[in-house]
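Visitor: This is the content of model33.cif (mmCIF, C-alpha atoms):
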data_run
loop_
_atom_site.group_PDB
_atom_site.id
_atom_site.type_symbol
_atom_site.label_atom_id
_atom_site.label_comp_id
_atom_site.auth_asym_id
_atom_site.auth_seq_id
_atom_site.Cartn_x
_atom_site.Cartn_y
_atom_site.Cartn_z
ATOM 1 C CA MET A 1300 40.416 -105.552 -12.006
ATOM 2 C CA ALA A 1301 37.457 -105.986 -9.626
ATOM 3 C CA CYS A 1302 39.384 -104.149 -6.889
ATOM 4 C CA LYS A 1303 39.902 -101.163 -9.147
ATOM 5 C CA ALA A 1304 36.202 -101.075 -10.017
ATOM 6 C CA LEU A 1305 35.232 -101.285 -6.346
ATOM 7 C CA THR A 1306 37.710 -98.570 -5.420
ATOM 8 C CA LEU A 1307 36.408 -96.315 -8.191
ATOM 9 C CA ALA A 1308 32.803 -96.958 -7.142
ATOM 10 C CA PHE A 1309 33.638 -96.132 -3.526
ATOM 11 C CA CYS A 1310 35.414 -92.913 -4.508
ATOM 12 C CA LEU A 1311 32.512 -91.799 -6.669
ATOM 13 C CA ALA A 1312 29.988 -92.565 -3.921
ATOM 14 C CA ALA A 1313 32.054 -90.620 -1.382
ATOM 15 C CA SER A 1314 32.308 -87.690 -3.788
ATOM 16 C CA PHE A 1315 28.553 -87.569 -4.346
ATOM 17 C CA ALA A 1316 27.864 -87.803 -0.606
ATOM 18 C CA SER A 1317 30.279 -84.952 0.079
ATOM 19 C CA GLN A 1318 28.659 -82.794 -2.608
ATOM 20 C CA ALA A 1319 25.211 -83.507 -1.178
ATOM 21 C CA GLN A 1320 26.327 -82.445 2.289
ATOM 22 C CA ALA A 1321 27.933 -79.297 0.918
ATOM 23 C CA GLY A 1322 24.661 -78.464 -0.798
ATOM 24 C CA GLN A 1323 22.786 -79.059 2.446
ATOM 25 C CA CYS A 1324 25.177 -76.716 4.264
ATOM 26 C CA GLU A 1325 24.377 -73.952 1.785
ATOM 27 C CA THR A 1326 20.637 -74.600 2.064
ATOM 28 C CA ASP A 1327 20.755 -74.505 5.857
ATOM 29 C CA LEU A 1328 22.831 -71.317 5.911
ATOM 30 C CA VAL A 1329 20.348 -69.576 3.599
ATOM 31 C CA GLN A 1330 17.442 -70.709 5.787
ATOM 32 C CA ILE A 1331 19.213 -69.340 8.866
ATOM 33 C CA ASP A 1332 19.958 -66.043 7.093
ATOM 34 C CA ASP A 1333 16.323 -65.692 6.002
ATOM 35 C CA ALA A 1334 15.064 -66.387 9.521
ATOM 36 C CA LEU A 1335 17.517 -63.933 11.070
ATOM 37 C CA ALA A 1336 16.376 -61.248 8.633
ATOM 38 C CA SER A 1337 12.686 -61.749 9.323
ATOM 39 C CA MET A 1338 12.473 -62.791 12.995
ATOM 40 C CA GLU A 1339 12.641 -60.735 16.129
ATOM 41 C CA LEU A 1340 14.985 -62.348 18.622
ATOM 42 C CA ALA A 1341 16.453 -61.316 21.928
ATOM 43 C CA PRO A 1342 19.890 -59.773 21.352
ATOM 44 C CA ASP A 1343 21.703 -62.604 23.139
ATOM 45 C CA GLU A 1344 19.798 -65.246 21.187
ATOM 46 C CA ARG A 1345 20.491 -63.440 17.881
ATOM 47 C CA ALA A 1346 24.200 -63.260 18.747
ATOM 48 C CA GLN A 1347 24.242 -66.971 19.595
ATOM 49 C CA VAL A 1348 22.602 -67.959 16.293
ATOM 50 C CA GLN A 1349 24.883 -65.638 14.310
ATOM 51 C CA ASP A 1350 27.914 -67.191 16.000
ATOM 52 C CA MET A 1351 26.625 -70.698 15.287
ATOM 53 C CA ARG A 1352 26.003 -69.740 11.656
ATOM 54 C CA ALA A 1353 29.559 -68.413 11.303
ATOM 55 C CA GLN A 1354 31.008 -71.584 12.857
ATOM 56 C CA ALA A 1355 28.928 -73.778 10.544
ATOM 57 C CA GLU A 1356 29.963 -71.816 7.471
ATOM 58 C CA GLN A 1357 33.623 -72.119 8.438
ATOM 59 C CA LEU A 1358 33.336 -75.864 9.064
ATOM 60 C CA CYS A 1359 31.453 -76.493 5.813
ATOM 61 C CA SER A 1360 33.965 -74.439 3.834
ATOM 62 C CA ALA A 1361 36.821 -76.402 5.391
ATOM 63 C CA GLY A 1362 35.273 -79.701 4.325
ATOM 64 C CA ASN A 1363 33.825 -80.624 7.729
ATOM 65 C CA GLU A 1364 30.252 -80.713 6.436
ATOM 66 C CA SER A 1365 29.032 -83.206 9.018
ATOM 67 C CA GLU A 1366 30.098 -80.994 11.913
ATOM 68 C CA GLY A 1367 28.761 -77.914 10.125
ATOM 69 C CA LEU A 1368 25.381 -79.594 9.649
ATOM 70 C CA ASP A 1369 25.270 -80.475 13.347
ATOM 71 C CA ILE A 1370 25.653 -76.798 14.190
ATOM 72 C CA THR A 1371 23.130 -75.614 11.581
ATOM 73 C CA ALA A 1372 20.658 -78.140 13.014
ATOM 74 C CA GLU A 1373 21.064 -76.568 16.461
ATOM 75 C CA ALA A 1374 20.654 -73.059 15.059
ATOM 76 C CA LYS A 1375 17.591 -74.116 13.067
ATOM 77 C CA ALA A 1376 16.072 -75.599 16.222
ATOM 78 C CA ILE A 1377 16.505 -72.284 18.047
ATOM 79 C CA LEU A 1378 14.834 -70.527 15.107
ATOM 80 C CA ASN A 1379 12.070 -73.180 14.822
ATOM 81 C CA ILE A 1380 13.070 -74.037 11.251
ATOM 82 C CA LYS A 1381 11.996 -77.514 10.194
#
For this file, write the structure as structure tokens.
Guide:
Amino acid sequence: MACKALTLAFCLAASFASQAQAGQCETDLVQIDDALASMELAPDERAQVQDMRAQAEQLCSAGNESEGLDITAEAKAILNIK
């Protein structure tokens, strides 16, 4: 019985962690969108950030939130978003 309880606890913890990362993906994507709409960037830099944003969105949507967050972090650094 203890194994079942531990397994259930682990599954619930993993589910909550995944949901938190998915929420962070959405937050980061909105921050990137807002910055792109309000900042003046060189065309090549804008294209790079837009490409990174698209990659991150695709990864997050596919369940690869960790990789998506790595890319949004890079894009946010280019845009000076804390």
Visitor: Which polymer residues have any atom within 8 Å of an atom of region 1322-1338 of chain A, counting all atoms listed in the file, with same-chain residues fewer than 4 positions away left out, as a PyMOL selection string?
Guide: chain A and resi 1318+1345+1352+1355-1356+1359+1364+1367-1368+1371+1374-1375+1378+1380
Visitor: Report, in Å to a single decimal, how far apart CA of Ser1360 (chain A) and CA of Leu1340 (chain A) are.
Guide: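 About the pair CA of Leu1340 (chain A) and CA of Ser1360 (chain A): they are 26.9 Å apart.
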Visitor: To one decimal place, how far is CA of Ser1365 (chain A) from CA of Asn1379 (chain A) in Å?
Guide: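 Atom-to-atom, CA of Ser1365 (chain A) and CA of Asn1379 (chain A) are spaced 20.5 Å apart.
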Visitor: Hey, can you check how far CA of Asp1369 (chain A) sits from CA of Glu1339 (chain A)?
Guide: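 Computing it gives 23.6 Å between the two atoms.
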